[in-house]
file coords-v1.tsv (TSV, C-alpha atoms)
chain	number	residue	atom	x	y	z
A	1	MET	CA	0.00	0.00	0.00
A	2	LEU	CA	1.26	3.45	-0.94
A	3	PHE	CA	1.70	6.26	1.57
A	4	ILE	CA	1.19	9.70	0.01
A	5	PRO	CA	2.12	12.76	2.08
A	6	ALA	CA	-0.06	15.83	1.50
A	7	ILE	CA	0.75	19.50	1.06
A	8	ASP	CA	-2.20	21.91	1.05
A	9	LEU	CA	-1.56	25.42	-0.24
A	10	ILE	CA	-3.02	28.85	0.50
A	11	ASP	CA	-1.14	31.97	-0.62
A	12	GLY	CA	1.90	29.85	-1.43
A	13	ARG	CA	2.19	28.43	2.07
A	14	CYS	CA	1.61	25.04	3.68
A	15	VAL	CA	-1.67	24.91	5.61
A	16	ARG	CA	-4.19	22.45	6.95
A	17	LEU	CA	-7.90	23.01	7.38
A	18	ALA	CA	-10.05	21.37	10.03
A	19	GLN	CA	-13.08	19.65	8.45
A	20	GLY	CA	-12.59	21.70	5.28
A	21	ASP	CA	-13.34	24.93	7.14
A	22	PHE	CA	-11.28	27.86	5.84
A	23	GLY	CA	-11.98	29.58	9.15
A	24	GLN	CA	-10.09	26.81	10.95
A	25	LYS	CA	-6.76	27.13	9.18
A	26	THR	CA	-3.40	26.10	10.62
A	27	GLN	CA	-0.44	27.61	8.79
A	28	TYR	CA	2.99	25.96	8.87
A	29	ASN	CA	6.22	27.90	8.45
A	30	ARG	CA	8.06	25.33	6.34
A	31	ASP	CA	8.60	26.17	2.69
A	32	PRO	CA	6.40	23.95	0.47
A	33	ALA	CA	9.25	22.93	-1.84
A	34	GLU	CA	11.53	22.12	1.09
A	35	THR	CA	8.71	20.16	2.70
A	36	ALA	CA	8.22	18.18	-0.50
A	37	ARG	CA	11.93	17.44	-0.70
A	38	SER	CA	12.02	16.25	2.90
A	39	PHE	CA	9.07	13.93	2.25
A	40	GLN	CA	10.92	12.44	-0.71
A	41	ASP	CA	14.12	12.05	1.31
A	42	GLU	CA	12.17	10.04	3.89
A	43	GLY	CA	10.95	7.59	1.29
A	44	ALA	CA	7.77	9.04	-0.23
A	45	ARG	CA	7.12	7.70	-3.71
A	46	TYR	CA	4.29	10.12	-4.55
A	47	LEU	CA	3.15	13.56	-3.38
A	48	HIS	CA	-0.39	14.92	-3.01
A	49	VAL	CA	-0.83	18.69	-3.43
A	50	VAL	CA	-4.10	20.61	-3.09
A	51	ASP	CA	-4.46	24.20	-4.26
A	52	LEU	CA	-7.05	25.44	-1.77
A	53	ASP	CA	-7.12	28.94	-3.24
A	54	ALA	CA	-8.10	27.56	-6.65
A	55	ALA	CA	-10.59	25.15	-5.08
A	56	ARG	CA	-12.50	28.04	-3.55
A	57	ASP	CA	-11.95	30.53	-6.38
A	58	PRO	CA	-10.73	29.25	-9.78
A	59	LYS	CA	-9.48	32.78	-10.59
A	60	ARG	CA	-6.75	32.28	-7.99
A	61	ASN	CA	-4.04	29.63	-7.93
A	62	ASN	CA	-0.70	28.53	-6.52
A	63	ARG	CA	0.89	27.37	-9.76
A	64	ILE	CA	4.20	29.11	-9.08
A	65	THR	CA	4.51	27.19	-5.81
A	66	ILE	CA	3.36	23.96	-7.46
A	67	ARG	CA	6.09	24.38	-10.09
A	68	ARG	CA	8.66	24.84	-7.33
A	69	ILE	CA	7.47	21.68	-5.63
A	70	ILE	CA	7.70	19.67	-8.85
A	71	GLU	CA	11.18	21.01	-9.56
A	72	ALA	CA	12.32	20.16	-6.02
A	73	VAL	CA	11.57	16.43	-6.24
A	74	ASP	CA	12.09	13.47	-8.54
A	75	ILE	CA	8.88	11.65	-7.60
A	76	PRO	CA	5.44	12.09	-9.21
A	77	VAL	CA	3.17	14.85	-7.92
A	78	GLU	CA	-0.62	14.78	-8.11
A	79	VAL	CA	-2.57	18.04	-7.83
A	80	GLY	CA	-6.18	18.88	-7.07
A	81	GLY	CA	-8.17	22.04	-6.49
A	82	GLY	CA	-10.09	24.20	-8.96
A	83	ILE	CA	-9.63	22.12	-12.12
A	84	ARG	CA	-12.88	22.73	-13.94
A	85	ASP	CA	-11.94	23.33	-17.59
A	86	TRP	CA	-9.54	22.28	-20.36
A	87	ASN	CA	-7.20	25.25	-19.91
A	88	THR	CA	-6.61	24.73	-16.20
A	89	LEU	CA	-5.98	21.04	-16.70
A	90	ALA	CA	-3.57	21.69	-19.58
A	91	ALA	CA	-1.70	24.32	-17.55
A	92	LEU	CA	-1.09	21.86	-14.71
A	93	LEU	CA	0.02	19.08	-17.04
A	94	ASP	CA	2.41	21.53	-18.68
A	95	LEU	CA	3.93	22.21	-15.26
A	96	GLY	CA	4.81	18.54	-15.01
A	97	VAL	CA	1.97	17.32	-12.79
A	98	ALA	CA	1.82	13.53	-13.03
A	99	ARG	CA	-1.88	13.20	-12.44
A	100	VAL	CA	-4.71	15.67	-11.86
A	101	ILE	CA	-7.55	15.24	-9.39
A	102	LEU	CA	-11.02	16.26	-10.60
A	103	GLY	CA	-13.75	16.94	-8.07
A	104	THR	CA	-16.34	19.69	-8.45
A	105	VAL	CA	-16.43	19.43	-12.25
A	106	ILE	CA	-17.47	15.76	-12.00
A	107	VAL	CA	-20.68	16.88	-10.32
A	108	LYS	CA	-21.28	19.97	-12.43
A	109	ASP	CA	-20.23	18.98	-15.96
A	110	GLN	CA	-20.31	15.25	-16.63
A	111	ASN	CA	-20.02	15.66	-20.41
A	112	LEU	CA	-16.79	17.64	-20.09
A	113	VAL	CA	-15.35	15.11	-17.66
A	114	GLU	CA	-16.10	12.23	-20.01
A	115	GLU	CA	-14.21	14.08	-22.76
A	116	LEU	CA	-11.27	14.70	-20.44
A	117	VAL	CA	-11.11	11.08	-19.32
A	118	THR	CA	-11.26	9.88	-22.91
A	119	ARG	CA	-8.26	12.05	-23.77
A	120	TYR	CA	-6.11	11.80	-20.64
A	121	GLY	CA	-7.11	8.44	-19.16
A	122	SER	CA	-5.17	7.41	-16.05
A	123	ARG	CA	-3.63	10.87	-15.67
A	124	LEU	CA	-6.98	11.90	-14.20
A	125	VAL	CA	-8.19	10.85	-10.75
A	126	ALA	CA	-11.71	11.16	-9.34
A	127	GLY	CA	-11.67	13.08	-6.08
A	128	ILE	CA	-14.75	12.31	-3.97
A	129	ASP	CA	-15.02	14.46	-0.86
A	130	ALA	CA	-17.97	13.75	1.43
A	131	ARG	CA	-19.48	14.88	4.70
A	132	ASN	CA	-22.09	12.58	6.28
A	133	GLY	CA	-22.20	10.64	3.03
A	134	ILE	CA	-23.01	13.69	0.85
A	135	VAL	CA	-20.52	15.02	-1.69
A	136	GLN	CA	-18.91	18.39	-0.93
A	137	ILE	CA	-17.69	20.62	-3.78
A	138	SER	CA	-16.20	24.06	-4.55
A	139	GLY	CA	-13.53	23.87	-1.90
A	140	TRP	CA	-15.90	22.08	0.48
A	141	VAL	CA	-18.07	25.19	0.87
A	142	GLU	CA	-20.94	23.82	-1.24
A	143	GLN	CA	-22.91	20.61	-0.87
A	144	GLY	CA	-23.41	18.57	-4.00
A	145	SER	CA	-26.74	17.01	-4.88
A	146	VAL	CA	-25.45	13.44	-4.84
A	147	THR	CA	-24.26	10.91	-2.30
A	148	ALA	CA	-20.65	9.80	-2.24
A	149	LEU	CA	-21.61	6.27	-3.24
A	150	GLU	CA	-23.74	7.48	-6.14
A	151	LEU	CA	-20.85	9.59	-7.39
A	152	GLY	CA	-18.51	6.65	-6.93
A	153	MET	CA	-20.63	4.53	-9.25
A	154	ARG	CA	-20.86	7.40	-11.70
A	155	VAL	CA	-17.09	7.93	-11.96
A	156	ARG	CA	-16.59	4.24	-12.65
A	157	GLU	CA	-18.98	4.56	-15.59
A	158	MET	CA	-17.09	7.67	-16.76
A	159	GLY	CA	-13.93	5.62	-17.10
A	160	PHE	CA	-11.87	6.70	-14.09
A	161	SER	CA	-9.39	4.09	-12.87
A	162	LEU	CA	-8.65	5.54	-9.40
A	163	VAL	CA	-10.64	7.30	-6.65
A	164	ILE	CA	-9.33	9.50	-3.86
A	165	TYR	CA	-11.95	9.41	-1.12
A	166	THR	CA	-11.86	12.02	1.64
A	167	ASP	CA	-14.17	12.13	4.64
A	168	VAL	CA	-14.34	15.90	5.13
A	169	SER	CA	-15.72	15.58	8.66
A	170	ARG	CA	-12.50	13.78	9.66
A	171	ASP	CA	-10.02	15.75	7.56
A	172	GLY	CA	-7.51	17.75	9.58
A	173	THR	CA	-9.00	16.60	12.88
A	174	LEU	CA	-6.63	13.74	13.82
A	175	GLN	CA	-9.72	11.85	15.00
A	176	GLY	CA	-9.13	8.69	13.00
A	177	PRO	CA	-10.36	7.61	9.55
A	178	ASN	CA	-13.87	6.59	8.61
A	179	LEU	CA	-12.98	2.94	8.09
A	180	GLN	CA	-16.48	1.74	7.22
A	181	GLY	CA	-16.97	4.56	4.73
A	182	ILE	CA	-13.63	3.77	3.09
A	183	ARG	CA	-14.41	0.06	2.83
A	184	THR	CA	-17.90	0.64	1.48
A	185	MET	CA	-16.69	3.09	-1.17
A	186	ALA	CA	-13.95	0.73	-2.34
A	187	GLU	CA	-16.18	-2.34	-2.44
A	188	GLN	CA	-19.17	-0.64	-4.08
A	189	THR	CA	-17.21	1.12	-6.83
A	190	GLY	CA	-14.82	-1.75	-7.48
A	191	LEU	CA	-12.11	0.85	-8.22
A	192	PRO	CA	-8.70	1.15	-6.56
A	193	LEU	CA	-9.13	3.72	-3.79
A	194	VAL	CA	-6.79	6.06	-1.91
A	195	ALA	CA	-8.16	7.06	1.49
A	196	ALA	CA	-7.79	10.45	3.18
A	197	GLY	CA	-9.12	12.19	6.26
A	198	GLY	CA	-8.49	11.79	9.96
A	199	ILE	CA	-5.24	9.81	10.00
A	200	SER	CA	-3.68	10.53	13.41
A	201	ASN	CA	-1.17	7.83	14.26
A	202	ILE	CA	0.53	4.63	13.16
A	203	GLN	CA	-2.39	2.52	14.42
A	204	ASP	CA	-4.73	4.37	12.04
A	205	LEU	CA	-2.41	3.46	9.18
A	206	LYS	CA	-2.50	-0.19	10.21
A	207	LEU	CA	-6.30	-0.11	10.29
A	208	VAL	CA	-6.48	1.30	6.77
A	209	LYS	CA	-3.89	-1.20	5.54
A	210	ALA	CA	-6.25	-3.93	6.73
A	211	LEU	CA	-8.67	-2.70	4.04
A	212	GLU	CA	-6.28	-3.65	1.26
A	213	ASP	CA	-8.44	-6.66	0.46
A	214	ALA	CA	-11.35	-4.30	-0.27
A	215	GLY	CA	-9.35	-2.43	-2.90
A	216	VAL	CA	-7.72	0.32	-0.85
A	217	THR	CA	-4.33	0.96	-2.44
A	218	GLY	CA	-3.07	4.08	-0.66
A	219	VAL	CA	-3.35	6.52	2.22
A	220	ILE	CA	-2.98	10.31	2.18
A	221	SER	CA	-2.00	12.21	5.30
A	222	GLY	CA	-0.91	15.78	5.97
A	223	LYS	CA	-1.65	17.20	9.38
A	224	ALA	CA	-0.28	14.20	11.28
A	225	LEU	CA	3.04	14.66	9.47
A	226	HIS	CA	3.20	18.41	10.03
A	227	GLU	CA	2.49	17.93	13.72
A	228	GLY	CA	4.99	15.12	14.23
A	229	LYS	CA	2.57	12.28	14.97
A	230	PHE	CA	4.70	10.02	12.77
A	231	THR	CA	7.21	10.39	9.95
A	232	VAL	CA	6.95	9.55	6.28
A	233	ARG	CA	9.58	6.86	6.83
A	234	GLU	CA	7.52	5.25	9.60
A	235	ALA	CA	4.33	5.41	7.53
A	236	CYS	CA	5.97	3.85	4.49
A	237	LYS	CA	7.40	1.04	6.62
A	238	VAL	CA	3.96	0.18	8.00
A	239	LEU	CA	2.05	0.33	4.72
A	240	GLN	CA	4.68	-1.44	2.62
A	241	ALA	CA	5.15	-4.29	5.09
A	242	ASP	CA	3.90	-7.72	4.08
A	243	ALA	CA	0.52	-8.58	5.56

call {"tool": "encode", "arguments": {"input": "coords-v1.tsv", "output": "structure tokens"}}
result
Amino acid sequence: MLFIPAIDLIDGRCVRLAQGDFGQKTQYNRDPAETARSFQDEGARYLHVVDLDAARDPKRNNRITIRRIIEAVDIPVEVGGGIRDWNTLAALLDLGVARVILGTVIVKDQNLVEELVTRYGSRLVAGIDARNGIVQISGWVEQGSVTALELGMRVREMGFSLVIYTDVSRDGTLQGPNLQGIRTMAEQTGLPLVAAGGISNIQDLKLVKALEDAGVTGVISGKALHEGKFTVREACKVLQADA
């Protein structure tokens, strides 16, 4: 199972939100590119970056910082946040982003998404963010009109080959992952799934690893790393160990 450290960006700086609430923001002083490099040095094989400015307002973005992150490491970087049209997607791919996470646009423009998936295939990932089983969109400030499971079935039909599932109510809280929600999403969609939200310690990682048989292939964590709950090296050791 793959461990993917997360870097969330606002105004070019590393931050974490609690339950997707921009009013509950914790800002970290470490430079994003240096943080990315340190994650790689500790054994990370992939990086997860979210542009929170673009997620809330597509007219804003952190592409300069994203470019610096990509240039600082030799491992693939996936990016989400505010990708709702061809131009934004193309701009990120031109920066060297390995794969792009689509979220809001999946709910709002299915026809466009189907065109994008047809063209870019596995370079696109379906990001499903949910609170109490209902999809959250537009930087988690708007509730979608579909359940997470319904959207999971829909993205499979659209041709996505990977889902990143985030329980917004757990994200940034260090309260533990929604294990049943993760298992249900993986089993019902039949797609490989990367889980995010609530990871607080090594035991949480072990509990998610136990869902490997359900189709869970990776774990994303950010706040626990920034606050020293465990290291990337420790997380990789746990998730890559033989069952």

call {"tool": "atom_distance", "arguments": {"input": "coords-v1.tsv", "atom1": "atom CA of A:Ala6", "atom2": "atom CA of A:Lys223"}}
result
8.2 Å

call {"tool": "residues_around", "arguments": {"input": "coords-v1.tsv", "residues": "stretch 60-70 of chain A", "least_positions_apart": "4", "cutoff": "9 Å", "atoms": "only C-alpha atoms", "output": "ChimeraX atom specification"}}
result
/A:9-13,32-37,49,51-56,74-77,79,81-82,91-92,95-97

call {"tool": "atom_distance", "arguments": {"input": "coords-v1.tsv", "atom1": "atom CA of A:Ile83", "atom2": "atom CA of A:Ser145"}}
result
19.3 Å

call {"tool": "closest_residue", "arguments": {"input": "coords-v1.tsv", "among": "A:Gln188, A:Gln180, A:Gln110, A:Gln175", "to": "A:Ser200", "atoms": "only C-alpha atoms"}}
result
A:Gln175

call {"tool": "closest_atom_pairs", "arguments": {"input": "coords-v1.tsv", "of": "stretch 15-132 of chain A", "to": "stretch 164-168 of chain A", "cutoff": "12 Å", "atoms": "only C-alpha atoms", "output": "JSON lines"}}
result
{"residue": "A:Leu17", "atom": "CA", "partner": "A:Val168", "partner_atom": "CA", "distance": 9.9}
{"residue": "A:Ala18", "atom": "CA", "partner": "A:Val168", "partner_atom": "CA", "distance": 8.5}
{"residue": "A:Gln19", "atom": "CA", "partner": "A:Val168", "partner_atom": "CA", "distance": 5.2}
{"residue": "A:Gly20", "atom": "CA", "partner": "A:Val168", "partner_atom": "CA", "distance": 6.1}
{"residue": "A:Asp21", "atom": "CA", "partner": "A:Val168", "partner_atom": "CA", "distance": 9.3}
{"residue": "A:His48", "atom": "CA", "partner": "A:Ile164", "partner_atom": "CA", "distance": 10.5}
{"residue": "A:Glu78", "atom": "CA", "partner": "A:Ile164", "partner_atom": "CA", "distance": 11.0}
{"residue": "A:Val79", "atom": "CA", "partner": "A:Ile164", "partner_atom": "CA", "distance": 11.6}
{"residue": "A:Gly80", "atom": "CA", "partner": "A:Ile164", "partner_atom": "CA", "distance": 10.4}
{"residue": "A:Arg99", "atom": "CA", "partner": "A:Ile164", "partner_atom": "CA", "distance": 12.0}
{"residue": "A:Val100", "atom": "CA", "partner": "A:Ile164", "partner_atom": "CA", "distance": 11.1}
{"residue": "A:Ile101", "atom": "CA", "partner": "A:Ile164", "partner_atom": "CA", "distance": 8.2}
{"residue": "A:Leu102", "atom": "CA", "partner": "A:Ile164", "partner_atom": "CA", "distance": 9.7}
{"residue": "A:Gly103", "atom": "CA", "partner": "A:Ile164", "partner_atom": "CA", "distance": 9.6}
{"residue": "A:Leu124", "atom": "CA", "partner": "A:Ile164", "partner_atom": "CA", "distance": 10.9}
{"residue": "A:Val125", "atom": "CA", "partner": "A:Ile164", "partner_atom": "CA", "distance": 7.1}
{"residue": "A:Ala126", "atom": "CA", "partner": "A:Ile164", "partner_atom": "CA", "distance": 6.2}
{"residue": "A:Gly127", "atom": "CA", "partner": "A:Ile164", "partner_atom": "CA", "distance": 4.8}
{"residue": "A:Ile128", "atom": "CA", "partner": "A:Tyr165", "partner_atom": "CA", "distance": 4.9}
{"residue": "A:Asp129", "atom": "CA", "partner": "A:Thr166", "partner_atom": "CA", "distance": 4.7}
{"residue": "A:Ala130", "atom": "CA", "partner": "A:Asp167", "partner_atom": "CA", "distance": 5.2}
{"residue": "A:Arg131", "atom": "CA", "partner": "A:Val168", "partner_atom": "CA", "distance": 5.3}
{"residue": "A:Asn132", "atom": "CA", "partner": "A:Asp167", "partner_atom": "CA", "distance": 8.1}

call {"tool": "write_last_selection", "arguments": {"input": "coords-v1.tsv", "atoms": "C-alpha atoms", "output": "mmCIF file, in the coordinates of the input"}}
result
data_model
loop_
_atom_site.group_PDB
_atom_site.id
_atom_site.type_symbol
_atom_site.label_atom_id
_atom_site.label_comp_id
_atom_site.auth_asym_id
_atom_site.auth_seq_id
_atom_site.Cartn_x
_atom_site.Cartn_y
_atom_site.Cartn_z
ATOM 1 C CA LEU A 17 -7.900 23.010 7.380
ATOM 2 C CA ALA A 18 -10.050 21.370 10.030
ATOM 3 C CA GLN A 19 -13.080 19.650 8.450
ATOM 4 C CA GLY A 20 -12.590 21.700 5.280
ATOM 5 C CA ASP A 21 -13.340 24.930 7.140
ATOM 6 C CA HIS A 48 -0.390 14.920 -3.010
ATOM 7 C CA GLU A 78 -0.620 14.780 -8.110
ATOM 8 C CA VAL A 79 -2.570 18.040 -7.830
ATOM 9 C CA GLY A 80 -6.180 18.880 -7.070
ATOM 10 C CA ARG A 99 -1.880 13.200 -12.440
ATOM 11 C CA VAL A 100 -4.710 15.670 -11.860
ATOM 12 C CA ILE A 101 -7.550 15.240 -9.390
ATOM 13 C CA LEU A 102 -11.020 16.260 -10.600
ATOM 14 C CA GLY A 103 -13.750 16.940 -8.070
ATOM 15 C CA LEU A 124 -6.980 11.900 -14.200
ATOM 16 C CA VAL A 125 -8.190 10.850 -10.750
ATOM 17 C CA ALA A 126 -11.710 11.160 -9.340
ATOM 18 C CA GLY A 127 -11.670 13.080 -6.080
ATOM 19 C CA ILE A 128 -14.750 12.310 -3.970
ATOM 20 C CA ASP A 129 -15.020 14.460 -0.860
ATOM 21 C CA ALA A 130 -17.970 13.750 1.430
ATOM 22 C CA ARG A 131 -19.480 14.880 4.700
ATOM 23 C CA ASN A 132 -22.090 12.580 6.280
#

call {"tool": "closest_residue", "arguments": {"input": "coords-v1.tsv", "among": "A:Ser122, A:Thr217, A:Asn178, A:Asn111", "to": "A:Leu193", "atoms": "only C-alpha atoms"}}
result
A:Thr217

call {"tool": "atom_distance", "arguments": {"input": "coords-v1.tsv", "atom1": "atom CA of A:Gly152", "atom2": "atom CA of A:Gly197"}}
result
17.1 Å

call {"tool": "closest_residue", "arguments": {"input": "coords-v1.tsv", "among": "A:Glu234, A:Thr104, A:Gly176, A:Ala186", "to": "A:Asp204", "atoms": "only C-alpha atoms"}}
result
A:Gly176

call {"tool": "closest_residue", "arguments": {"input": "coords-v1.tsv", "among": "A:Leu174, A:Ala195, A:Val155, A:Ile4", "to": "A:Val117", "atoms": "all atoms listed in the file"}}
result
A:Val155

call {"tool": "closest_residue", "arguments": {"input": "coords-v1.tsv", "among": "A:Arg84, A:His226, A:Arg16, A:Arg156", "to": "A:Met185", "atoms": "only C-alpha atoms"}}
result
A:Arg156
